[in-house]
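Colleague: Hey, dropping entry-v7.cif in here, mmCIF, C-alpha atoms:
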data_input
loop_
_atom_site.label_atom_id
_atom_site.label_comp_id
_atom_site.auth_asym_id
_atom_site.auth_seq_id
_atom_site.Cartn_x
_atom_site.Cartn_y
_atom_site.Cartn_z
CA MET A 3 -12.51 19.35 -2.60
CA PHE A 4 -11.05 22.85 -2.38
CA ALA A 5 -9.62 24.59 0.63
CA VAL A 6 -9.77 28.34 1.05
CA VAL A 7 -6.27 29.59 1.68
CA SER A 8 -5.44 33.11 2.69
CA ILE A 9 -2.49 34.78 0.95
CA ASP A 10 -1.34 35.73 4.48
CA THR A 11 -0.58 32.04 5.02
CA PHE A 12 2.08 32.20 2.32
CA TYR A 13 3.30 35.75 2.95
CA PRO A 14 6.35 34.64 4.96
CA LEU A 15 7.25 32.27 2.12
CA PHE A 16 6.93 35.04 -0.45
CA GLN A 17 8.95 37.37 1.75
CA MET A 18 11.97 35.11 2.15
CA THR A 19 11.89 33.17 -1.13
CA PRO A 20 13.54 35.87 -3.32
CA ARG A 21 16.69 35.57 -1.21
CA PHE A 22 16.91 31.92 -2.24
CA LEU A 23 15.40 31.86 -5.72
CA GLY A 24 16.07 35.27 -7.15
CA ALA A 25 13.42 37.71 -8.41
CA ALA A 26 13.04 36.17 -11.89
CA LYS A 27 12.46 32.66 -10.59
CA MET A 28 10.08 33.99 -7.94
CA ARG A 29 7.84 35.60 -10.58
CA SER A 30 7.33 32.21 -12.25
CA PHE A 31 7.13 30.25 -9.00
CA VAL A 32 4.24 32.18 -7.43
CA PRO A 33 1.69 31.75 -10.26
CA LEU A 34 2.54 28.06 -10.72
CA PHE A 35 2.33 27.48 -7.00
CA LEU A 36 -1.10 29.12 -6.77
CA VAL A 37 -2.43 27.31 -9.86
CA GLY A 38 -1.34 23.99 -8.37
CA ILE A 39 -3.24 24.74 -5.17
CA LEU A 40 -6.39 26.16 -6.75
CA PHE A 41 -6.81 23.77 -9.70
CA PRO A 42 -5.80 20.20 -8.95
CA ALA A 43 -5.68 18.16 -12.16
CA ILE A 44 -7.54 15.04 -11.03
CA PRO A 45 -9.68 14.60 -7.95
CA ALA A 46 -7.96 12.06 -5.71
CA LYS A 47 -9.65 9.65 -3.39
CA GLN A 48 -8.00 8.34 -0.28
CA PHE A 49 -10.19 5.39 0.69
CA THR A 50 -10.60 4.02 4.17
CA LYS A 51 -10.33 0.32 4.89
CA CYS A 52 -14.11 0.02 5.21
CA GLU A 53 -14.87 2.04 2.05
CA LEU A 54 -12.52 -0.14 0.06
CA SER A 55 -13.90 -3.32 1.63
CA GLN A 56 -17.37 -2.30 0.48
CA LEU A 57 -16.17 -1.58 -3.07
CA LEU A 58 -14.15 -4.79 -3.33
CA LYS A 59 -16.64 -7.16 -1.66
CA ASP A 60 -17.57 -8.65 -5.06
CA ILE A 61 -14.03 -9.90 -5.60
CA ASP A 62 -13.84 -11.62 -2.22
CA GLY A 63 -12.63 -15.12 -3.06
CA TYR A 64 -11.63 -14.22 -6.64
CA GLY A 65 -8.60 -16.31 -7.56
CA GLY A 66 -8.79 -17.91 -4.13
CA ILE A 67 -7.91 -14.63 -2.41
CA ALA A 68 -9.91 -13.50 0.62
CA LEU A 69 -11.05 -9.88 0.92
CA PRO A 70 -8.74 -9.11 3.88
CA GLU A 71 -5.78 -10.17 1.72
CA PHE A 72 -6.85 -7.72 -1.00
CA ILE A 73 -7.37 -4.93 1.55
CA CYS A 74 -3.97 -5.55 3.17
CA THR A 75 -2.25 -5.72 -0.22
CA MET A 76 -3.83 -2.45 -1.41
CA PHE A 77 -2.83 -0.72 1.81
CA HIS A 78 0.82 -1.75 1.43
CA THR A 79 0.78 -1.13 -2.32
CA SER A 80 -0.84 2.31 -2.60
CA GLY A 81 -2.03 3.36 0.85
CA TYR A 82 -5.61 3.20 -0.56
CA ASP A 83 -4.77 6.27 -2.69
CA THR A 84 -6.22 6.42 -6.22
CA GLN A 85 -3.53 8.87 -7.33
CA ALA A 86 -0.53 6.88 -6.15
CA ILE A 87 2.18 6.83 -8.83
CA VAL A 88 5.44 4.95 -8.31
CA GLU A 89 8.45 4.79 -10.61
CA ASN A 90 9.81 1.25 -10.53
CA ASN A 91 12.72 -0.13 -12.61
CA GLY A 92 11.93 1.81 -15.79
CA SER A 93 8.17 1.51 -15.55
CA THR A 94 5.50 3.47 -13.75
CA GLU A 95 2.78 1.95 -11.57
CA TYR A 96 -0.56 3.70 -11.33
CA GLY A 97 -3.40 4.07 -8.87
CA LEU A 98 -4.90 2.00 -6.13
CA PHE A 99 -3.66 -1.32 -7.53
CA GLN A 100 -0.31 0.08 -8.76
CA ILE A 101 -0.80 -1.27 -12.28
CA SER A 102 2.36 -1.15 -14.40
CA ASN A 103 2.58 0.55 -17.77
CA LYS A 104 5.02 -2.11 -18.99
CA LEU A 105 2.35 -4.76 -19.52
CA TRP A 106 -1.08 -3.70 -18.40
CA CYS A 107 -1.90 -0.16 -19.56
CA LYS A 108 -0.92 2.39 -22.20
CA SER A 109 1.19 5.44 -21.43
CA SER A 110 3.33 7.82 -23.44
CA GLN A 111 6.29 6.83 -21.26
CA VAL A 112 6.25 3.22 -22.52
CA PRO A 113 4.69 3.27 -26.00
CA GLN A 114 5.62 -0.40 -26.58
CA SER A 115 3.49 -1.54 -23.62
CA ARG A 116 1.48 -4.70 -24.28
CA ASN A 117 -1.54 -2.88 -22.78
CA ILE A 118 -3.21 -6.16 -21.81
CA CYS A 119 -6.05 -4.32 -20.03
CA ASP A 120 -6.63 -2.15 -23.13
CA ILE A 121 -6.77 1.10 -21.18
CA SER A 122 -4.85 4.33 -20.65
CA CYS A 123 -2.85 4.27 -17.41
CA ASP A 124 -4.33 7.66 -16.47
CA LYS A 125 -7.72 5.99 -16.00
CA PHE A 126 -6.30 4.31 -12.89
CA LEU A 127 -5.84 7.70 -11.22
CA ASP A 128 -9.49 8.72 -10.88
CA ASP A 129 -12.08 7.93 -8.20
CA ASP A 130 -13.95 5.39 -10.33
CA ILE A 131 -12.17 2.13 -9.57
CA THR A 132 -14.41 -0.03 -11.78
CA ASP A 133 -11.78 -0.17 -14.55
CA ASP A 134 -9.04 -0.68 -11.95
CA ILE A 135 -10.87 -3.75 -10.62
CA MET A 136 -11.38 -5.15 -14.14
CA CYS A 137 -7.65 -4.87 -14.85
CA ALA A 138 -6.73 -6.25 -11.42
CA LYS A 139 -8.83 -9.32 -12.20
CA LYS A 140 -6.88 -9.81 -15.46
CA ILE A 141 -3.64 -9.50 -13.51
CA LEU A 142 -4.89 -12.09 -11.02
CA ASP A 143 -5.88 -14.43 -13.86
CA ILE A 144 -2.49 -14.15 -15.57
CA LYS A 145 0.05 -13.47 -12.78
CA GLY A 146 -1.79 -14.25 -9.54
CA ILE A 147 -1.80 -12.29 -6.31
CA ASP A 148 2.00 -12.41 -6.06
CA TYR A 149 2.14 -9.78 -8.84
CA TRP A 150 1.78 -7.44 -5.86
CA LEU A 151 4.97 -8.03 -3.89
CA ALA A 152 3.41 -6.71 -0.69
CA HIS A 153 1.03 -9.66 -0.59
CA LYS A 154 3.55 -12.43 0.03
CA ALA A 155 5.68 -10.35 2.39
CA LEU A 156 2.95 -8.71 4.46
CA CYS A 157 -0.52 -10.08 3.77
CA THR A 158 -0.59 -13.85 4.16
CA GLU A 159 -1.22 -14.16 7.91
CA LYS A 160 -2.77 -12.24 10.81
CA LEU A 161 -5.43 -10.82 8.51
CA GLU A 162 -8.04 -10.06 11.20
CA GLN A 163 -6.87 -6.45 11.36
CA TRP A 164 -7.87 -6.00 7.70
CA LEU A 165 -11.50 -6.94 8.28
CA CYS A 166 -14.06 -4.15 8.34
CA GLU A 167 -16.60 -4.57 11.10
CA LYS A 168 -19.22 -2.48 9.21
CA LEU A 169 -19.77 -4.97 6.34
#
Using structure tokens, write down the structure from this file.

Modeller:
Amino acid sequence: MFAVVSIDTFYPLFQMTPRFLGAAKMRSFVPLFLVGILFPAIPAKQFTKCELSQLLKDIDGYGGIALPEFICTMFHTSGYDTQAIVENNGSTEYGLFQISNKLWCKSSQVPQSRNICDISCDKFLDDDITDDIMCAKKILDIKGIDYWLAHKALCTEKLEQWLCEKL
């Protein structure tokens, strides 16, 4: 999704930035800034609770975990954002399920990853969460729901709020 942005919106920024950055840095800043706005690298999806409930309904009960527990855990893990990336103790966690490149996926940052899910970590950053779900199931099979630290701390009781009434 692209937004039309008028250059007038950024004119005050362009006017005062040279005082802080200097003319040479400003010349490189402006094109990079505009490219970043006009051409996002990967389309991100910020799911709602009900959208995610619909997509994850097939894993309700998987590993003994109820759907509201999954929904709560994903909210506290990634905010339902497919492009969430978190640096964590020398590894990077990717996407909706915050899957770590230390064990589960391949990245250039950790070339010695075990890559148990046999997938590039970048695949967890797109809108298609099919591969994310497949890897999450492997994580559940091997590590259980407590792989996601938010589950035990925040998602074991009072789960009514995580139900979607539209299902």

Colleague: Have a look at CA of Ile144 in chain A and CA of Cys52 in chain A and let me know their distance in Å, one decimal.

Modeller: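 According to the coordinates, CA of Ile144 in chain A and CA of Cys52 in chain A are separated by 27.7 Å.
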
Colleague: Under the PyMOL selection byres ((chain A and resi 54) around 10), which residues of this model are included? Write them out as JSON, numbers by chain.

Modeller: {"A": [48, 49, 50, 51, 52, 53, 55, 56, 57, 58, 59, 69, 72, 73, 76, 77, 82, 131, 166]}

Colleague: Kindly indicate which residue among A:Ile61, A:Val112, A:Met136, A:Ile67 lies nearest to Asp148 in chain A, using all atoms listed in the file for the distances.

Modeller: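 Residue with the minimum atom-to-atom distance to Asp148 in chain A: A:Ile67.
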
Colleague: Can you tell me which residues surround Lys125 in chain A at a distance of at most 10 Å, considering only C-alpha atoms, apart from same-chain residues fewer than 4 positions away, and format the answer as a list in words?

Modeller: Thr84, Tyr96, Gly97, Cys107, Lys108, Ile121, Asp129, Asp130, Ile131, Thr132, Asp133 and Asp134 of chain A

Colleague: For a test of reading the model, state the distance in Å between CA of Thr158 in chain A and CA of Gln100 in chain A, rounded to one decimal.

Modeller: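 Interatomic distance here is 19.0 Å.
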
Colleague: CA of Asn91 in chain A and CA of Ala68 in chain A are how many Å apart?

Modeller: 29.4 Å

Colleague: Under the PyMOL selection byres ((chain A and resi 141) around 12), which residues of this model are included? Write them out as a PDB file with C-alpha atoms, in the frame of the given file.

Modeller:
ATOM      1  CA  TYR A  64     -11.630 -14.220  -6.640  1.00  0.00           C
ATOM      2  CA  GLY A  65      -8.600 -16.310  -7.560  1.00  0.00           C
ATOM      3  CA  PHE A  99      -3.660  -1.320  -7.530  1.00  0.00           C
ATOM      4  CA  GLN A 100      -0.310   0.080  -8.760  1.00  0.00           C
ATOM      5  CA  ILE A 101      -0.800  -1.270 -12.280  1.00  0.00           C
ATOM      6  CA  SER A 102       2.360  -1.150 -14.400  1.00  0.00           C
ATOM      7  CA  LEU A 105       2.350  -4.760 -19.520  1.00  0.00           C
ATOM      8  CA  TRP A 106      -1.080  -3.700 -18.400  1.00  0.00           C
ATOM      9  CA  CYS A 107      -1.900  -0.160 -19.560  1.00  0.00           C
ATOM     10  CA  ASN A 117      -1.540  -2.880 -22.780  1.00  0.00           C
ATOM     11  CA  ILE A 118      -3.210  -6.160 -21.810  1.00  0.00           C
ATOM     12  CA  CYS A 119      -6.050  -4.320 -20.030  1.00  0.00           C
ATOM     13  CA  ASP A 134      -9.040  -0.680 -11.950  1.00  0.00           C
ATOM     14  CA  ILE A 135     -10.870  -3.750 -10.620  1.00  0.00           C
ATOM     15  CA  MET A 136     -11.380  -5.150 -14.140  1.00  0.00           C
ATOM     16  CA  CYS A 137      -7.650  -4.870 -14.850  1.00  0.00           C
ATOM     17  CA  ALA A 138      -6.730  -6.250 -11.420  1.00  0.00           C
ATOM     18  CA  LYS A 139      -8.830  -9.320 -12.200  1.00  0.00           C
ATOM     19  CA  LYS A 140      -6.880  -9.810 -15.460  1.00  0.00           C
ATOM     20  CA  LEU A 142      -4.890 -12.090 -11.020  1.00  0.00           C
ATOM     21  CA  ASP A 143      -5.880 -14.430 -13.860  1.00  0.00           C
ATOM     22  CA  ILE A 144      -2.490 -14.150 -15.570  1.00  0.00           C
ATOM     23  CA  LYS A 145       0.050 -13.470 -12.780  1.00  0.00           C
ATOM     24  CA  GLY A 146      -1.790 -14.250  -9.540  1.00  0.00           C
ATOM     25  CA  ILE A 147      -1.800 -12.290  -6.310  1.00  0.00           C
ATOM     26  CA  ASP A 148       2.000 -12.410  -6.060  1.00  0.00           C
ATOM     27  CA  TYR A 149       2.140  -9.780  -8.840  1.00  0.00           C
ATOM     28  CA  TRP A 150       1.780  -7.440  -5.860  1.00  0.00           C
TER      29      TRP A 150
END

Colleague: Using all atoms listed in the file - which residues lie no farther than 12 Å from the point (10.2, -0.7, -7.4) in the file's frame? Write them as a short mmCIF file (atom, residue, chain, number, x, y, z; two decimals) with C-alpha atoms, in the coordinates of the input.

Modeller:
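Output file out-v1.cif is given in full below:
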data_model
loop_
_atom_site.label_atom_id
_atom_site.label_comp_id
_atom_site.auth_asym_id
_atom_site.auth_seq_id
_atom_site.Cartn_x
_atom_site.Cartn_y
_atom_site.Cartn_z
CA THR A 79 0.78 -1.13 -2.32
CA ILE A 87 2.18 6.83 -8.83
CA VAL A 88 5.44 4.95 -8.31
CA GLU A 89 8.45 4.79 -10.61
CA ASN A 90 9.81 1.25 -10.53
CA ASN A 91 12.72 -0.13 -12.61
CA GLY A 92 11.93 1.81 -15.79
CA SER A 93 8.17 1.51 -15.55
CA THR A 94 5.50 3.47 -13.75
CA GLU A 95 2.78 1.95 -11.57
CA GLN A 100 -0.31 0.08 -8.76
CA SER A 102 2.36 -1.15 -14.40
CA TRP A 150 1.78 -7.44 -5.86
CA LEU A 151 4.97 -8.03 -3.89
CA ALA A 152 3.41 -6.71 -0.69
#

Colleague: In terms of the shortest atom-to-atom distance over all atoms listed in the file, which of A:Cys74, A:Gly63, A:Leu127, A:Lys47 is closest to Leu161 in chain A?

Modeller: A:Cys74
